[in-house]
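As stored in query12.tsv (TSV, C-alpha atoms):
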chain	number	residue	atom	x	y	z
A	232	MET	CA	-28.68	-212.72	-106.30
A	233	SER	CA	-31.26	-215.30	-107.06
A	234	GLU	CA	-34.95	-214.60	-106.72
A	235	SER	CA	-35.07	-216.93	-103.71
A	236	GLN	CA	-32.87	-214.48	-101.82
A	237	PHE	CA	-35.47	-211.77	-101.97
A	238	ASN	CA	-38.54	-211.39	-99.80
A	239	SER	CA	-41.57	-209.81	-101.41
A	240	ASN	CA	-43.85	-209.81	-98.39
A	241	SER	CA	-47.02	-207.79	-98.56
A	242	THR	CA	-47.74	-205.05	-96.07
A	243	GLN	CA	-51.03	-204.77	-94.27
A	244	THR	CA	-52.23	-202.29	-96.91
A	245	GLY	CA	-51.88	-204.92	-99.60
A	246	THR	CA	-48.98	-203.24	-101.40
A	247	ALA	CA	-45.83	-205.22	-101.97
A	248	ALA	CA	-42.98	-204.51	-99.59
A	249	PRO	CA	-39.62	-203.69	-101.17
A	250	LYS	CA	-37.56	-206.71	-102.13
A	251	LYS	CA	-34.78	-207.57	-99.71
A	252	VAL	CA	-31.22	-208.64	-100.38
A	253	ASP	CA	-28.42	-210.27	-98.40
A	254	PRO	CA	-26.15	-207.23	-97.80
A	255	ARG	CA	-23.05	-209.38	-98.22
A	256	GLY	CA	-23.86	-209.90	-101.91
A	257	PRO	CA	-23.41	-206.28	-103.00
A	258	ARG	CA	-20.28	-206.07	-100.85
A	259	PHE	CA	-18.87	-209.14	-102.63
A	260	GLY	CA	-19.79	-207.52	-105.95
A	261	ALA	CA	-17.97	-204.36	-104.90
A	262	ALA	CA	-14.84	-206.40	-104.18
A	263	VAL	CA	-14.94	-208.02	-107.61
A	264	THR	CA	-15.64	-204.63	-109.19
A	265	ALA	CA	-12.63	-203.17	-107.39
A	266	VAL	CA	-10.40	-205.92	-108.82
A	267	VAL	CA	-11.74	-205.33	-112.35
A	268	LEU	CA	-11.21	-201.57	-112.07
A	269	ILE	CA	-7.70	-201.94	-110.62
A	270	LEU	CA	-6.79	-204.18	-113.55
A	271	ALA	CA	-8.20	-201.61	-115.99
A	272	LEU	CA	-6.09	-198.92	-114.34
A	273	LEU	CA	-2.98	-201.07	-114.45
A	274	PHE	CA	-3.41	-201.88	-118.15
A	275	GLY	CA	-4.15	-198.22	-118.90
A	276	PRO	CA	-6.14	-196.33	-121.52
A	277	SER	CA	-4.36	-197.77	-124.54
A	278	SER	CA	-4.66	-201.50	-123.88
A	279	PRO	CA	-7.28	-203.67	-125.57
A	280	VAL	CA	-7.46	-205.62	-122.28
A	281	THR	CA	-8.73	-202.44	-120.64
A	282	LEU	CA	-11.47	-202.16	-123.23
A	283	GLY	CA	-12.62	-205.69	-122.43
A	284	LEU	CA	-12.57	-205.00	-118.70
A	285	LEU	CA	-14.53	-201.76	-119.16
A	286	ILE	CA	-17.12	-203.50	-121.30
A	287	LEU	CA	-17.44	-206.31	-118.72
A	288	GLN	CA	-17.88	-203.86	-115.86
A	289	THR	CA	-20.31	-201.65	-117.79
A	290	ILE	CA	-22.48	-204.68	-118.57
A	291	ALA	CA	-22.34	-205.79	-114.93
A	292	PHE	CA	-23.45	-202.36	-113.73
A	293	ALA	CA	-26.17	-202.15	-116.39
A	294	LEU	CA	-27.63	-205.53	-115.46
A	295	GLY	CA	-27.51	-204.77	-111.74
A	296	GLY	CA	-28.96	-201.29	-112.08
A	297	LEU	CA	-31.47	-201.70	-114.88
A	298	VAL	CA	-32.59	-205.33	-114.68
A	299	GLY	CA	-31.99	-206.23	-111.04
A	300	LEU	CA	-29.27	-207.31	-108.66
A	301	GLN	CA	-30.16	-210.96	-109.16
A	302	TYR	CA	-29.02	-210.59	-112.81
A	303	GLN	CA	-25.76	-208.85	-112.01
A	304	PRO	CA	-22.96	-211.36	-112.76
A	305	TYR	CA	-21.10	-210.88	-109.48
A	306	GLY	CA	-24.35	-211.22	-107.53
A	307	PHE	CA	-25.09	-214.40	-109.44
A	308	ILE	CA	-21.65	-215.79	-108.51
A	309	TYR	CA	-22.22	-214.79	-104.90
A	310	SER	CA	-25.64	-216.44	-104.72
A	311	ARG	CA	-24.50	-219.68	-106.38
A	312	LEU	CA	-20.97	-220.18	-105.04
A	313	VAL	CA	-20.41	-218.06	-101.93
A	314	ARG	CA	-23.70	-217.68	-100.05
A	315	PRO	CA	-24.43	-221.44	-99.80
A	316	ARG	CA	-21.22	-221.75	-97.77
A	317	LEU	CA	-22.17	-218.99	-95.31
A	318	GLN	CA	-24.55	-218.75	-92.41
A	319	PRO	CA	-27.82	-216.96	-93.22
A	320	PRO	CA	-27.48	-213.18	-92.98
A	321	ALA	CA	-28.37	-211.53	-89.68
A	322	GLU	CA	-30.81	-209.34	-91.59
A	323	LEU	CA	-31.76	-208.47	-95.13
A	324	GLU	CA	-31.76	-204.95	-96.56
A	325	ASP	CA	-33.87	-203.07	-99.06
A	326	VAL	CA	-32.67	-203.82	-102.60
A	327	ARG	CA	-33.35	-200.29	-103.90
A	328	PRO	CA	-30.25	-198.49	-102.53
A	329	PRO	CA	-27.72	-201.03	-103.87
A	330	GLN	CA	-29.57	-201.19	-107.18
A	331	PHE	CA	-29.34	-197.40	-107.41
A	332	ALA	CA	-25.63	-197.67	-106.59
A	333	GLN	CA	-25.29	-199.93	-109.63
A	334	LEU	CA	-26.80	-197.15	-111.75
A	335	VAL	CA	-24.29	-194.67	-110.36
A	336	GLY	CA	-21.53	-197.14	-111.18
A	337	LEU	CA	-22.96	-197.49	-114.68
A	338	VAL	CA	-22.64	-193.74	-115.24
A	339	PHE	CA	-18.98	-193.78	-114.22
A	340	ALA	CA	-18.23	-196.91	-116.24
A	341	LEU	CA	-19.80	-195.30	-119.31
A	342	LEU	CA	-17.74	-192.15	-118.76
A	343	ALA	CA	-14.55	-194.24	-118.45
A	344	LEU	CA	-15.51	-196.14	-121.60
A	345	ILE	CA	-16.13	-192.89	-123.48
A	346	GLY	CA	-12.78	-191.59	-122.23
A	347	TYR	CA	-11.08	-194.76	-123.45
A	348	LEU	CA	-12.75	-194.74	-126.88
A	349	ALA	CA	-12.28	-190.99	-127.44
A	350	GLY	CA	-8.68	-191.00	-126.26
A	351	LEU	CA	-9.52	-188.69	-123.37
A	352	SER	CA	-7.15	-190.02	-120.72
A	353	VAL	CA	-8.24	-187.50	-118.09
A	354	LEU	CA	-11.88	-188.58	-118.40
A	355	PHE	CA	-10.86	-192.25	-118.43
A	356	TYR	CA	-8.76	-191.96	-115.27
A	357	ALA	CA	-11.13	-189.63	-113.40
A	358	ALA	CA	-14.21	-191.80	-113.98
A	359	LEU	CA	-12.35	-195.03	-113.28
A	360	ILE	CA	-10.75	-193.74	-110.07
A	361	LEU	CA	-14.06	-192.37	-108.74
A	362	ALA	CA	-15.77	-195.72	-109.43
A	363	LEU	CA	-12.85	-197.55	-107.82
A	364	VAL	CA	-13.00	-195.40	-104.68
A	365	ALA	CA	-16.73	-196.12	-104.34
A	366	ALA	CA	-16.18	-199.86	-104.85
A	367	LEU	CA	-13.34	-199.95	-102.31
A	368	LEU	CA	-15.40	-198.02	-99.75
A	369	ASN	CA	-18.08	-200.69	-100.02
A	370	ALA	CA	-15.78	-203.70	-100.22
A	371	VAL	CA	-13.39	-202.68	-97.43
A	372	PHE	CA	-15.44	-200.50	-95.10
A	373	ASN	CA	-19.00	-201.65	-95.89
A	374	PHE	CA	-19.88	-198.06	-96.84
A	375	CYS	CA	-21.97	-197.93	-100.00
A	376	LEU	CA	-21.66	-194.42	-101.38
A	377	GLY	CA	-24.39	-194.93	-104.00
A	378	CYS	CA	-26.70	-196.31	-101.29
A	379	GLU	CA	-26.10	-193.24	-99.15
A	380	ILE	CA	-26.89	-190.98	-102.11
A	381	TYR	CA	-30.13	-192.91	-102.64
A	382	LEU	CA	-31.13	-192.59	-98.99
A	383	LEU	CA	-30.29	-188.88	-98.93
A	384	ALA	CA	-32.37	-188.29	-102.06
A	385	ALA	CA	-35.25	-190.28	-100.55
A	386	ARG	CA	-35.15	-188.17	-97.37
A	387	LEU	CA	-35.00	-184.94	-99.37
A	388	GLY	CA	-37.89	-186.14	-101.54
A	389	LYS	CA	-40.07	-186.71	-98.49
A	390	LYS	CA	-39.37	-183.19	-97.24
A	391	ALA	CA	-40.36	-181.58	-100.55
Can you present the structure in this file as structure tokens?
Amino acid sequence: MSESQFNSNSTQTGTAAPKKVDPRGPRFGAAVTAVVLILALLFGPSSPVTLGLLILQTIAFALGGLVGLQYQPYGFIYSRLVRPRLQPPAELEDVRPPQFAQLVGLVFALLALIGYLAGLSVLFYAALILALVAALLNAVFNFCLGCEIYLLAARLGKKA
């Protein structure tokens, strides 16, 4: 997503409020991710096409999780090509949970990549299928598993 899609309003205490994101952007990204992962599964752990798809998805997750959602390629596509054609979102959401979800996706993409490179088909398939399930949950049912993990950890952290 572009920087213009984030609000960085200050609270009354003078600290910056969390950046906000159009929740449809991460859902769009999850749909694209699901397509990429399905293609990787279809090509299998011995195809060079799979390696390219895994590298693409790993980079996308790394940019979204480590640099920011506005630098994630699918978010960039959403903000430039899809969002201008839509009505403004009903509300914006905190960027931190979906950004954390990108980090979770990065872990699984790296595991799938390691499985591919090391010839460990079980690791390749397990990591890829878990990432695909998470992407499909978000894309189809608007349920972000990584976001829920983030929110659970935040609640547990406040109780400690």
Shortest interatomic distance to Leu284 (chain A) - which of A:Val353, A:Leu387, A:Ala248, A:Ala265, counting only C-alpha atoms: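 Using only C-alpha atoms, Leu284 (chain A) sits closest to A:Ala265.
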Residue nearest Ala349 (chain A) - candidates A:Pro276, A:Arg386, A:Ala247, A:Tyr381, atoms counted: all atoms listed in the file: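 Closest candidate: A:Pro276.
What separates CA of Gln330 (chain A) from CA of Gly295 (chain A) is a distance of 6.2 Å.
Closest approach to Val335 (chain A) among A:Leu273, A:Ala358, A:Leu383, A:Val298: A:Ala358, based on all atoms listed in the file.
Across the structure, CA of Pro320 (chain A) and CA of Leu376 (chain A) are spaced 21.4 Å apart.
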Distance query Pro329 (chain A) at most 8 Å, only C-alpha atoms, self and fewer than 6 positions along chain excluded, as a list in words: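 Residues near the query, excluding close chain neighbours: Pro257, Cys375, Gly377 and Cys378 of chain A.
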